[in-house]
Amino acid sequence: MQNFIFISPNFPTNYWQFCRELKNNGLNVLGIGDQPYEELKPELKASLNEYYKVNSLENYDEVYRAVAFFTFKYGRIDWLESNNEYWLERDAALRTDFHITSGFQTSDMPRIKYKSKMKEYYQKAGIATARYHMVDDLAGCKAFVEQVGYPVVVKPDNGVGASDTHRLSSDKELEAFLTYKEKEHPDVAYIMEEFVRAEVNSYDAIIDAHGNPIFEAGNVSPVSIMDIVNNDDNSIYYIIKDLPEDTRAAGRAAVKSFGVKSRFVHFEFFRMTENQSSMGKKGQIVALEVNMRPCGGFTPDMIDFARSTNVYKIWADMIAFGGTDMPVGEHYYCAFAGRRDGKSFVYSHEQLMQKYQDNMRMVDRIPEALSGAMGNQMYVATFSTRDEMEKFYSDVLAVTDATNAKVQAELTKVLALGEPEAV
């Protein structure tokens, strides 16, 4: 029997399903987390063979002792994963220390966690990247801006999601950012990149032990996560009905270049919405960043709805058997809309539920830890056509006041961009 340690199996709250499918496949599933056992979801308790509570997952010594305990009790550990961006470096350190060879090691971390290091591997894959500069002093940053022009984007070189990401449009804003960095984060390395006028397209795939995809999908984010977080906006993104061939090709090339094996991955690309001489023409794919874990939040469930399948099982089958016979059924658009509390919406929750009762797949409050990027109240629905999906977005996010109406007009504009042909 294979031993699988799952780090933080209780968050995100839907990740218990990974554990369930592992256990169904005959693995010994061992959880390590900081939530008291009695507070775990009943479904998660039933999906674990044993759970070890630590006071803090941030305390490496505590987590190390938990892994050591499981090793002593059950023997060699075959797999250790969290499927969570926040813990990727911790996962790698534990694998390295306990000689668990089924995943990334500490030596692999730079190319998959540092945005500046990723660019080399994207370029080896033949994928264009935005020009960049590692933030130093005012003179160095201004020299870079003279090359690329404003606006520029700055963010931690090793960061999670869109946290602490800034769009700078003037020397005054640049100077203010440098003051903020020096005061708040003097030891954090920041990367500055030329601004890419684009929407974000992703390649979401489950990769086997030989580096080959056994499942592929993708999502589109017409409004940037950076803007959603910084402007306290509503959130939208959707699983595309059929994966465009250029996204598939770029994703597969990146998988090979980064040496991905036995993982669920979420690779982000820009699809340019206008020509930019340094990168290419409108519609072209440009690298953004790699994420060596599933797309966050409830996206795995959305992929299930969009492909009439079970990606939790496909992933667990890959772990247990190297492949899967899980069928993939009819394809749909699966739309996520995250409403922000405090905004005045035209349609009430009850009205939306009545109108879209046949389309709704998930309706819930969004956990506080995810609300910055995803809003406070989520609606997930499936549609056979793009027109139906766009009408849904128009209804869910329609607002009554003039200020928010400007945001709604911008949403209408980005949704009108259309999408590339899929095969």
# chains A, B, ... in the order shown; residues from 1 in each chain; ligands from 1

$ residues_around --residues "A:Ser371" --least-positions-apart "5" --cutoff "9 Å" --atoms "only C-alpha atoms" --output "ChimeraX atom specification"
/A:229,338,340,366,376-377

$ write_last_selection --atoms "C-alpha atoms" --output "PDB file, in the first residue's frame"
ATOM      1  CA  VAL A 229      -7.820  42.950  -5.689  1.00  0.00           C
ATOM      2  CA  GLY A 338     -18.076  36.749  -7.475  1.00  0.00           C
ATOM      3  CA  ARG A 340     -18.512  42.118  -3.817  1.00  0.00           C
ATOM      4  CA  ILE A 366     -16.598  32.767  -0.418  1.00  0.00           C
ATOM      5  CA  ASN A 376     -17.819  37.624  -1.255  1.00  0.00           C
ATOM      6  CA  GLN A 377     -20.770  35.805  -2.838  1.00  0.00           C
TER       7      GLN A 377
END

$ residues_around --residues "stretch 46-52 of chain A" --least-positions-apart "3" --cutoff "7 Å" --atoms "only C-alpha atoms" --output "list in words"
Cys19, Arg20, Lys23, Asn28, Val29, Leu30, Gly31, Ile32, Gly33, Pro42, Glu43 and Ala66 of chain A

$ residues_around --residues "A:Lys119" --least-positions-apart "3" --cutoff "8 Å" --atoms "only C-alpha atoms" --output "list in words"
Lys115, Ser116, Tyr122, Gln123, Thr129 and Ala287 of chain A

$ residues_around --residues "A:Ile100" --least-positions-apart "6" --cutoff "8 Å" --atoms "only C-alpha atoms" --output "ChimeraX atom specification"
/A:77-80,94

$ atom_distance --atom1 "atom CA of A:Pro156" --atom2 "atom CA of A:Met374"
20.4 Å

$ residues_around --residues "A:Asp136" --least-positions-apart "4" --cutoff "9 Å" --atoms "only C-alpha atoms" --output "ChimeraX atom specification"
/A:140-141,178,189-190

$ closest_residue --among "A:Pro327, A:Gly322, A:Gly251, A:Pro244" --to "A:Asn291" --atoms "only C-alpha atoms"
A:Gly251

$ residues_around --residues "A:Asp61" --least-positions-apart "4" --cutoff "12 Å" --atoms "only C-alpha atoms" --output "PDB file with N, CA and C atoms, in the first residue's frame"
ATOM      1  N   VAL A  54      -0.940  19.907  13.987  1.00  0.00           N
ATOM      2  CA  VAL A  54       0.170  20.730  14.453  1.00  0.00           C
ATOM      3  C   VAL A  54      -0.382  22.073  14.911  1.00  0.00           C
ATOM      4  N   ASN A  55       0.353  22.760  15.757  1.00  0.00           N
ATOM      5  CA  ASN A  55      -0.099  24.085  16.199  1.00  0.00           C
ATOM      6  C   ASN A  55      -0.042  25.098  15.071  1.00  0.00           C
ATOM      7  N   SER A  56       0.961  24.956  14.204  1.00  0.00           N
ATOM      8  CA  SER A  56       1.108  25.879  13.081  1.00  0.00           C
ATOM      9  C   SER A  56       1.817  25.185  11.927  1.00  0.00           C
ATOM     10  N   LEU A  57       1.232  25.268  10.742  1.00  0.00           N
ATOM     11  CA  LEU A  57       1.906  24.724   9.560  1.00  0.00           C
ATOM     12  C   LEU A  57       3.101  25.574   9.164  1.00  0.00           C
ATOM     13  N   ARG A  65       8.292  16.850  12.389  1.00  0.00           N
ATOM     14  CA  ARG A  65       8.049  15.790  13.378  1.00  0.00           C
ATOM     15  C   ARG A  65       6.809  14.975  13.007  1.00  0.00           C
ATOM     16  N   ALA A  66       5.812  15.635  12.421  1.00  0.00           N
ATOM     17  CA  ALA A  66       4.600  14.921  11.995  1.00  0.00           C
ATOM     18  C   ALA A  66       4.930  13.924  10.895  1.00  0.00           C
ATOM     19  N   VAL A  67       5.742  14.349   9.921  1.00  0.00           N
ATOM     20  CA  VAL A  67       6.144  13.447   8.842  1.00  0.00           C
ATOM     21  C   VAL A  67       6.983  12.304   9.396  1.00  0.00           C
ATOM     22  N   ALA A  68       7.866  12.632  10.336  1.00  0.00           N
ATOM     23  CA  ALA A  68       8.705  11.598  10.949  1.00  0.00           C
ATOM     24  C   ALA A  68       7.849  10.564  11.686  1.00  0.00           C
ATOM     25  N   ARG A  90       7.517  24.440   1.132  1.00  0.00           N
ATOM     26  CA  ARG A  90       7.518  23.572   2.307  1.00  0.00           C
ATOM     27  C   ARG A  90       7.417  22.112   1.872  1.00  0.00           C
ATOM     28  N   ALA A  93      10.772  20.976   0.577  1.00  0.00           N
ATOM     29  CA  ALA A  93      11.758  20.798   1.648  1.00  0.00           C
ATOM     30  C   ALA A  93      11.527  19.473   2.385  1.00  0.00           C
ATOM     31  N   LEU A  94      10.266  19.156   2.640  1.00  0.00           N
ATOM     32  CA  LEU A  94       9.962  17.899   3.326  1.00  0.00           C
ATOM     33  C   LEU A  94      10.316  16.695   2.455  1.00  0.00           C
ATOM     34  N   ASP A  97      14.100  16.355   2.580  1.00  0.00           N
ATOM     35  CA  ASP A  97      14.596  15.870   3.865  1.00  0.00           C
ATOM     36  C   ASP A  97      14.260  14.401   4.111  1.00  0.00           C
TER      37      ASP A  97
END

$ select_by_dssp --residues "stretch 277-321 of chain A" --states "strand (DSSP E or B)" --output "ChimeraX atom specification"
/A:280,285-291

$ closest_residue --among "A:Gly342, A:Gly259, A:Gly296, A:Pro367" --to "A:Ile207" --atoms "only C-alpha atoms"
A:Gly259

$ select_by_dssp --residues "stretch 158-363 of chain A" --states "alpha helix (DSSP H)" --output "ChimeraX atom specification"
/A:171-184,225-231,245-258,299-307,311-321,349-355

$ closest_residue --among "A:Lys124, A:His185, A:Lys45, A:Arg365" --to "A:Ser257" --atoms "only C-alpha atoms"
A:Lys124

$ residues_around --residues "A:Ala130" --least-positions-apart "2" --cutoff "10 Å" --atoms "only C-alpha atoms" --output "tab-separated table (two decimals) with N, CA and C atoms, in the first residue's frame"
chain	number	residue	atom	x	y	z
A	119	LYS	N	11.10	32.89	-16.67
A	119	LYS	CA	11.19	33.42	-18.03
A	119	LYS	C	12.16	32.62	-18.89
A	128	ALA	N	6.92	33.74	-25.90
A	128	ALA	CA	7.34	35.12	-25.65
A	128	ALA	C	7.09	35.49	-24.19
A	132	TYR	N	11.64	42.59	-18.33
A	132	TYR	CA	11.57	42.80	-16.89
A	132	TYR	C	12.84	43.44	-16.35
A	148	VAL	N	10.59	50.67	-21.81
A	148	VAL	CA	9.28	50.03	-22.04
A	148	VAL	C	8.11	50.98	-21.95
A	192	MET	N	9.88	44.05	-11.82
A	192	MET	CA	9.14	45.06	-12.57
A	192	MET	C	9.05	44.59	-14.02
A	193	GLU	N	7.83	44.58	-14.57
A	193	GLU	CA	7.62	44.10	-15.94
A	193	GLU	C	6.87	45.13	-16.77
A	194	GLU	N	7.13	45.11	-18.06
A	194	GLU	CA	6.33	45.95	-18.94
A	194	GLU	C	4.89	45.48	-18.90
A	195	PHE	N	3.98	46.43	-19.06
A	195	PHE	CA	2.56	46.12	-18.99
A	195	PHE	C	2.11	45.44	-20.28
A	196	VAL	N	1.37	44.34	-20.11
A	196	VAL	CA	0.86	43.60	-21.27
A	196	VAL	C	-0.63	43.83	-21.36
A	270	PHE	N	-0.79	35.29	-21.04
A	270	PHE	CA	-1.51	36.44	-21.57
A	270	PHE	C	-1.95	36.12	-23.00
A	278	SER	N	7.18	44.64	-28.75
A	278	SER	CA	8.19	43.84	-28.05
A	278	SER	C	7.78	42.39	-27.89
A	279	MET	N	6.48	42.10	-28.07
A	279	MET	CA	6.00	40.74	-27.82
A	279	MET	C	5.27	40.11	-28.99
A	286	VAL	N	1.43	34.99	-24.70
A	286	VAL	CA	2.64	35.46	-24.03
A	286	VAL	C	2.66	34.85	-22.63
A	287	ALA	N	3.83	34.46	-22.15
A	287	ALA	CA	3.94	33.82	-20.84
A	287	ALA	C	3.59	34.79	-19.72
A	288	LEU	N	2.94	34.28	-18.69
A	288	LEU	CA	2.72	35.04	-17.46
A	288	LEU	C	3.45	34.34	-16.31

$ atom_distance --atom1 "atom CA of A:Thr400" --atom2 "atom CA of A:Tyr379"
19.4 Å

$ closest_residue --among "A:Ser348, A:Gln276, A:Thr179, A:Ser262" --to "A:Gly323" --atoms "only C-alpha atoms"
A:Ser262

$ closest_residue --among "A:Ala320, A:Ala306, A:Val145, A:Ala254" --to "A:Asp208" --atoms "only C-alpha atoms"
A:Ala320

$ closest_residue --among "A:Phe321, A:Phe305, A:Phe11, A:Tyr393" --to "A:Arg339" --atoms "only C-alpha atoms"
A:Tyr393

$ decode --residues "stretch 328-352 of chain A" --atoms "N, CA and C atoms" --output "short mmCIF file (atom, residue, chain, number, x, y, z; two decimals), in the first residue's frame"
data_model
loop_
_atom_site.label_atom_id
_atom_site.label_comp_id
_atom_site.auth_asym_id
_atom_site.auth_seq_id
_atom_site.Cartn_x
_atom_site.Cartn_y
_atom_site.Cartn_z
N VAL A 328 -14.66 11.65 -19.90
CA VAL A 328 -14.95 13.07 -20.01
C VAL A 328 -16.17 13.21 -20.92
N GLY A 329 -17.19 13.91 -20.42
CA GLY A 329 -18.45 13.97 -21.15
C GLY A 329 -18.64 15.26 -21.93
N GLU A 330 -19.90 15.70 -22.01
CA GLU A 330 -20.24 16.89 -22.80
C GLU A 330 -19.54 18.12 -22.24
N HIS A 331 -19.12 19.01 -23.13
CA HIS A 331 -18.42 20.23 -22.74
C HIS A 331 -19.38 21.41 -22.61
N TYR A 332 -19.09 22.27 -21.63
CA TYR A 332 -19.87 23.49 -21.41
C TYR A 332 -18.91 24.64 -21.07
N TYR A 333 -19.43 25.86 -21.16
CA TYR A 333 -18.80 26.98 -20.48
C TYR A 333 -19.22 26.88 -19.02
N CYS A 334 -18.27 27.08 -18.11
CA CYS A 334 -18.61 27.14 -16.69
C CYS A 334 -18.17 28.50 -16.18
N ALA A 335 -19.14 29.32 -15.78
CA ALA A 335 -18.89 30.71 -15.42
C ALA A 335 -18.88 30.90 -13.91
N PHE A 336 -17.89 31.63 -13.44
CA PHE A 336 -17.81 32.04 -12.04
C PHE A 336 -18.08 33.54 -11.98
N ALA A 337 -18.98 33.95 -11.10
CA ALA A 337 -19.21 35.37 -10.82
C ALA A 337 -19.12 35.57 -9.32
N GLY A 338 -18.24 36.46 -8.90
CA GLY A 338 -18.08 36.75 -7.47
C GLY A 338 -18.52 38.17 -7.18
N ARG A 339 -19.65 38.30 -6.51
CA ARG A 339 -20.15 39.62 -6.14
C ARG A 339 -19.43 40.16 -4.91
N ARG A 340 -19.17 41.46 -4.93
CA ARG A 340 -18.51 42.12 -3.82
C ARG A 340 -19.57 42.74 -2.89
N ASP A 341 -19.49 42.45 -1.61
CA ASP A 341 -20.42 43.06 -0.66
C ASP A 341 -20.33 44.58 -0.73
N GLY A 342 -21.47 45.25 -0.48
CA GLY A 342 -21.48 46.71 -0.43
C GLY A 342 -21.85 47.37 -1.74
N LYS A 343 -21.97 46.60 -2.81
CA LYS A 343 -22.37 47.15 -4.11
C LYS A 343 -23.88 46.99 -4.26
N SER A 344 -24.47 47.88 -5.04
CA SER A 344 -25.92 47.88 -5.24
C SER A 344 -26.23 47.17 -6.56
N PHE A 345 -26.76 45.95 -6.47
CA PHE A 345 -27.02 45.16 -7.67
C PHE A 345 -28.48 45.25 -8.09
N VAL A 346 -28.70 45.18 -9.38
CA VAL A 346 -30.04 45.28 -9.93
C VAL A 346 -30.89 44.08 -9.54
N TYR A 347 -30.30 42.88 -9.63
CA TYR A 347 -31.05 41.65 -9.37
C TYR A 347 -30.68 41.08 -8.01
N SER A 348 -31.71 40.72 -7.26
CA SER A 348 -31.48 40.12 -5.94
C SER A 348 -31.00 38.68 -6.09
N HIS A 349 -30.49 38.15 -5.00
CA HIS A 349 -30.08 36.74 -4.98
C HIS A 349 -31.24 35.84 -5.39
N GLU A 350 -32.42 36.11 -4.84
CA GLU A 350 -33.59 35.28 -5.12
C GLU A 350 -33.98 35.34 -6.58
N GLN A 351 -33.90 36.52 -7.17
CA GLN A 351 -34.24 36.66 -8.59
C GLN A 351 -33.27 35.89 -9.47
N LEU A 352 -31.98 35.96 -9.14
CA LEU A 352 -30.98 35.22 -9.91
C LEU A 352 -31.20 33.71 -9.80
#
